[in-house]
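Heads up, data.txt below (compact mmCIF, C-alpha atoms):
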# COMPACT_ATOMS: atom_id res chain seq x y z
CA ASP A 1 4.18 -25.71 -11.70
CA ARG A 2 6.14 -23.50 -9.33
CA PRO A 3 5.04 -23.47 -5.69
CA GLN A 4 4.11 -20.04 -4.40
CA THR A 5 6.66 -19.05 -1.80
CA THR A 6 8.03 -15.81 -0.52
CA ILE A 7 11.67 -15.58 0.39
CA ALA A 8 13.41 -12.78 2.26
CA PRO A 9 15.32 -11.39 -0.75
CA GLN A 10 12.06 -11.09 -2.69
CA ALA A 11 10.42 -9.09 0.10
CA LEU A 12 13.51 -6.91 0.49
CA LEU A 13 13.61 -6.26 -3.24
CA LEU A 14 10.01 -5.02 -3.20
CA MET A 15 10.65 -2.87 -0.14
CA ASN A 16 13.81 -1.25 -1.51
CA ASN A 17 13.25 -1.13 -5.26
CA PRO A 18 13.16 2.43 -6.67
CA GLN A 19 10.68 1.39 -9.38
CA ILE A 20 8.26 0.02 -6.79
CA ARG A 21 8.63 3.20 -4.74
CA GLU A 22 7.95 5.38 -7.81
CA ALA A 23 4.93 3.26 -8.75
CA SER A 24 3.73 3.69 -5.16
CA ARG A 25 4.09 7.48 -5.45
CA GLN A 26 2.02 7.52 -8.64
CA PHE A 27 -0.61 5.22 -7.16
CA ALA A 28 -0.81 7.38 -4.02
CA LYS A 29 -1.39 10.49 -6.16
CA SER A 30 -4.56 8.88 -7.49
CA LEU A 31 -5.75 8.19 -3.93
CA GLU A 32 -4.95 11.64 -2.48
CA PRO A 33 -8.17 13.39 -3.61
CA VAL A 34 -10.27 10.60 -2.11
CA ALA A 35 -8.20 10.53 1.10
CA ALA A 36 -8.76 14.26 1.53
CA THR A 37 -12.42 13.57 2.22
CA SER A 38 -12.38 9.96 3.50
CA LEU A 39 -9.35 7.89 4.42
CA GLU A 40 -11.50 4.76 4.55
CA ASP A 41 -12.75 5.32 1.00
CA ALA A 42 -9.17 5.84 -0.21
CA ILE A 43 -8.16 2.54 1.39
CA ARG A 44 -11.10 0.75 -0.21
CA LEU A 45 -10.18 2.22 -3.60
CA GLY A 46 -6.55 1.18 -3.11
CA TYR A 47 -7.51 -2.41 -2.36
CA LEU A 48 -9.97 -2.54 -5.25
CA SER A 49 -7.39 -1.17 -7.66
CA ALA A 50 -4.51 -3.36 -6.49
CA VAL A 51 -6.12 -6.70 -5.66
CA SER A 52 -9.64 -6.39 -7.11
CA ARG A 53 -11.46 -6.74 -3.83
CA PRO A 54 -12.46 -4.54 -0.91
CA PRO A 55 -10.50 -4.83 2.34
CA SER A 56 -11.97 -6.89 5.13
CA ALA A 57 -13.14 -5.00 8.21
CA GLU A 58 -9.94 -6.07 9.99
CA GLU A 59 -7.74 -4.96 7.08
CA LEU A 60 -9.55 -1.63 6.88
CA ALA A 61 -9.14 -0.94 10.60
CA GLY A 62 -5.48 -2.01 10.57
CA THR A 63 -4.74 0.08 7.50
CA VAL A 64 -6.37 3.19 8.96
CA GLU A 65 -4.23 2.74 12.06
CA PHE A 66 -1.09 2.16 9.93
CA ILE A 67 -1.63 5.24 7.76
CA ARG A 68 -2.42 7.49 10.72
CA SER A 69 0.64 6.23 12.58
CA GLN A 70 2.85 6.78 9.55
CA ALA A 71 1.38 10.24 8.94
CA GLY A 72 2.05 11.12 12.57
CA SER A 73 5.67 10.00 12.26
CA TYR A 74 6.19 11.98 9.08
CA SER A 75 4.46 15.05 10.55
CA MET A 76 7.01 15.39 13.35
CA GLY A 77 9.10 17.64 11.11
CA GLY A 78 6.18 20.02 10.70
CA THR A 79 5.22 18.80 7.24
CA ASP A 80 2.05 17.10 6.03
CA GLY A 81 2.59 13.42 6.73
CA MET A 82 -0.44 12.09 4.87
CA LYS A 83 1.19 12.02 1.41
CA PRO A 84 4.20 9.89 2.40
CA ALA A 85 1.92 7.70 4.53
CA LEU A 86 -0.28 7.01 1.49
CA ILE A 87 2.84 6.16 -0.51
CA ASP A 88 3.81 3.63 2.18
CA PHE A 89 0.29 2.14 2.05
CA CYS A 90 0.48 1.77 -1.73
CA GLN A 91 3.88 0.12 -1.43
CA VAL A 92 2.44 -2.34 1.07
CA LEU A 93 -0.31 -3.20 -1.43
CA PHE A 94 2.31 -3.85 -4.12
CA CYS A 95 4.15 -6.18 -1.73
CA LEU A 96 1.11 -8.36 -1.00
CA ASN A 97 1.38 -11.91 -2.31
CA GLU A 98 -2.17 -11.38 -3.53
CA PHE A 99 -0.88 -8.62 -5.82
CA ILE A 100 2.21 -10.50 -6.96
CA TYR A 101 0.63 -13.89 -7.71
CA THR A 102 -2.44 -14.47 -9.85
CA GLU A 103 -4.75 -17.37 -9.24

Spit out the file's structure as structure tokens when you get a sec.
Amino acid sequence: DRPQTTIAPQALLLMNNPQIREASRQFAKSLEPVAATSLEDAIRLGYLSAVSRPPSAEELAGTVEFIRSQAGSYSMGGTDGMKPALIDFCQVLFCLNEFIYTE
């Protein structure tokens, strides 16, 4: 029985891995149509798909703030920042211990 621990190299691997980033892009594509009408519904769908549960009220509020902040940062160049922000959100979901470890 291996104890469940997270070490820095593991987190860095998930943050910098091209396969994780590509999987995040593909996952975000499935959320884009929902996000176009309701960001909250897209977040709920992302959580349900990744970790088989809806986000808590706190997670939902924090995620809305995160995505809007990311979209604003990406939009500074005059482009639509929502797509890369959704990719970042999906990557965060893939990095959750809840996604990585099964109970």

Of the listed residues A:Ser38, A:Gln91, A:Ser52, A:Gln70, that which approaches Gln19 of chain A most closely, counting only C-alpha atoms: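 Looking only at the distances to Gln19 of chain A, the closest residue turns out to be A:Gln91.
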
Just to confirm, what's the straight-line distance from atom CA of Asn16 of chain A to atom CA of Ala36 of chain A in Å (one decimal)?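 Atom-to-atom, atom CA of Asn16 of chain A and atom CA of Ala36 of chain A are spaced 27.6 Å apart.
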
Fewer than 5 positions away in the same chain doesn't count, so skip those; otherwise give me all residues within 10 Å of Ser49 of chain A, counting only C-alpha atoms, as an MDAnalysis selection string. chainID A and resid 27 43:44 54 93

By how many Å are atom CA of Lys29 of chain A and atom CA of Tyr74 of chain A apart?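 Between atom CA of Lys29 of chain A and atom CA of Tyr74 of chain A the gap is 17.1 Å.
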
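If all atoms listed in the file are the atoms counted, then among A:Pro55, A:Leu45, A:Ile20, A:Leu86 the closest residue to Ser69 of chain A is A:Leu86.
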
Between atom CA of Thr79 of chain A and atom CA of Leu31 of chain A - distance in Å to one decimal: 18.9 Å

Determine, counting all atoms listed in the file, which protein, DNA and RNA residues have an atom within 9 Å of an atom of Thr63 of chain A; residues of the same chain fewer than 3 positions away are not included. Present the result as a ChimeraX atom specification. /A:40,43,58-60,66-68,89

So, counting only C-alpha atoms, which residue among A:Met76, A:Ala85, A:Cys90, A:Ala61 is closest to Gln26 of chain A?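 For Gln26 of chain A, the nearest of the given residues is A:Cys90.
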
Which of A:Ala57, A:Val64, A:Met15, A:Cys95 sits closest to Ala35 of chain A [using all atoms listed in the file]: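 Using all atoms listed in the file, Ala35 of chain A sits closest to A:Val64.
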
Where atoms are lacking, segment 44-55 of chain A completed to all heavy atoms, as a compact mmCIF listing (two decimals), in the coordinates of the input:
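Generated file (part-v6.txt):
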# COMPACT_ATOMS: atom_id res chain seq x y z
N ARG A 44 -10.27 1.66 0.59
CA ARG A 44 -11.10 0.75 -0.21
C ARG A 44 -10.73 0.83 -1.69
O ARG A 44 -10.60 -0.20 -2.36
CB ARG A 44 -12.57 1.09 -0.01
CG ARG A 44 -13.12 0.68 1.34
CD ARG A 44 -14.64 0.94 1.43
NE ARG A 44 -15.08 0.77 2.78
CZ ARG A 44 -15.27 1.77 3.66
NH1 ARG A 44 -15.06 3.02 3.30
NH2 ARG A 44 -15.67 1.51 4.89
N LEU A 45 -10.55 2.04 -2.20
CA LEU A 45 -10.18 2.22 -3.60
C LEU A 45 -8.80 1.61 -3.88
O LEU A 45 -8.59 0.97 -4.91
CB LEU A 45 -10.19 3.70 -3.97
CG LEU A 45 -9.78 4.05 -5.40
CD1 LEU A 45 -10.70 3.36 -6.42
CD2 LEU A 45 -9.80 5.56 -5.59
N GLY A 46 -7.88 1.77 -2.95
CA GLY A 46 -6.55 1.18 -3.11
C GLY A 46 -6.62 -0.33 -3.21
O GLY A 46 -6.00 -0.93 -4.09
N TYR A 47 -7.36 -0.96 -2.31
CA TYR A 47 -7.51 -2.41 -2.36
C TYR A 47 -8.20 -2.86 -3.65
O TYR A 47 -7.76 -3.81 -4.30
CB TYR A 47 -8.31 -2.91 -1.15
CG TYR A 47 -7.47 -3.31 0.03
CD1 TYR A 47 -7.04 -2.37 0.96
CD2 TYR A 47 -7.09 -4.63 0.23
CE1 TYR A 47 -6.27 -2.73 2.04
CE2 TYR A 47 -6.33 -5.01 1.31
CZ TYR A 47 -5.92 -4.05 2.23
OH TYR A 47 -5.14 -4.42 3.30
N LEU A 48 -9.27 -2.16 -4.03
CA LEU A 48 -9.97 -2.54 -5.25
C LEU A 48 -9.07 -2.43 -6.47
O LEU A 48 -9.07 -3.29 -7.35
CB LEU A 48 -11.22 -1.68 -5.43
CG LEU A 48 -12.42 -2.04 -4.56
CD1 LEU A 48 -13.51 -0.98 -4.67
CD2 LEU A 48 -12.97 -3.41 -4.95
N SER A 49 -8.28 -1.38 -6.53
CA SER A 49 -7.39 -1.17 -7.66
C SER A 49 -6.25 -2.17 -7.69
O SER A 49 -5.86 -2.65 -8.76
CB SER A 49 -6.81 0.25 -7.63
OG SER A 49 -7.83 1.20 -7.72
N ALA A 50 -5.70 -2.50 -6.54
CA ALA A 50 -4.51 -3.36 -6.49
C ALA A 50 -4.85 -4.85 -6.52
O ALA A 50 -4.17 -5.62 -7.21
CB ALA A 50 -3.69 -3.05 -5.25
N VAL A 51 -5.85 -5.26 -5.77
CA VAL A 51 -6.12 -6.70 -5.66
C VAL A 51 -7.55 -7.08 -6.02
O VAL A 51 -7.98 -8.21 -5.78
CB VAL A 51 -5.74 -7.24 -4.25
CG1 VAL A 51 -4.25 -7.17 -4.04
CG2 VAL A 51 -6.48 -6.52 -3.15
N SER A 52 -8.29 -6.13 -6.58
CA SER A 52 -9.64 -6.39 -7.11
C SER A 52 -10.64 -6.91 -6.08
O SER A 52 -11.48 -7.73 -6.38
CB SER A 52 -9.58 -7.36 -8.29
OG SER A 52 -8.80 -6.83 -9.32
N ARG A 53 -10.49 -6.41 -4.87
CA ARG A 53 -11.46 -6.74 -3.83
C ARG A 53 -11.42 -5.66 -2.76
O ARG A 53 -10.40 -4.98 -2.59
CB ARG A 53 -11.18 -8.11 -3.21
CG ARG A 53 -9.89 -8.14 -2.41
CD ARG A 53 -9.78 -9.38 -1.54
NE ARG A 53 -8.52 -9.42 -0.81
CZ ARG A 53 -8.27 -8.78 0.33
NH1 ARG A 53 -9.20 -8.03 0.90
NH2 ARG A 53 -7.10 -8.88 0.93
N PRO A 54 -12.50 -5.51 -2.02
CA PRO A 54 -12.46 -4.54 -0.91
C PRO A 54 -11.69 -5.15 0.27
O PRO A 54 -11.57 -6.37 0.39
CB PRO A 54 -13.94 -4.35 -0.56
CG PRO A 54 -14.61 -5.60 -1.01
CD PRO A 54 -13.82 -6.11 -2.19
N PRO A 55 -11.18 -4.30 1.14
CA PRO A 55 -10.50 -4.83 2.34
C PRO A 55 -11.53 -5.40 3.30
O PRO A 55 -12.69 -4.96 3.34
CB PRO A 55 -9.82 -3.59 2.93
CG PRO A 55 -10.70 -2.45 2.49
CD PRO A 55 -11.20 -2.83 1.13
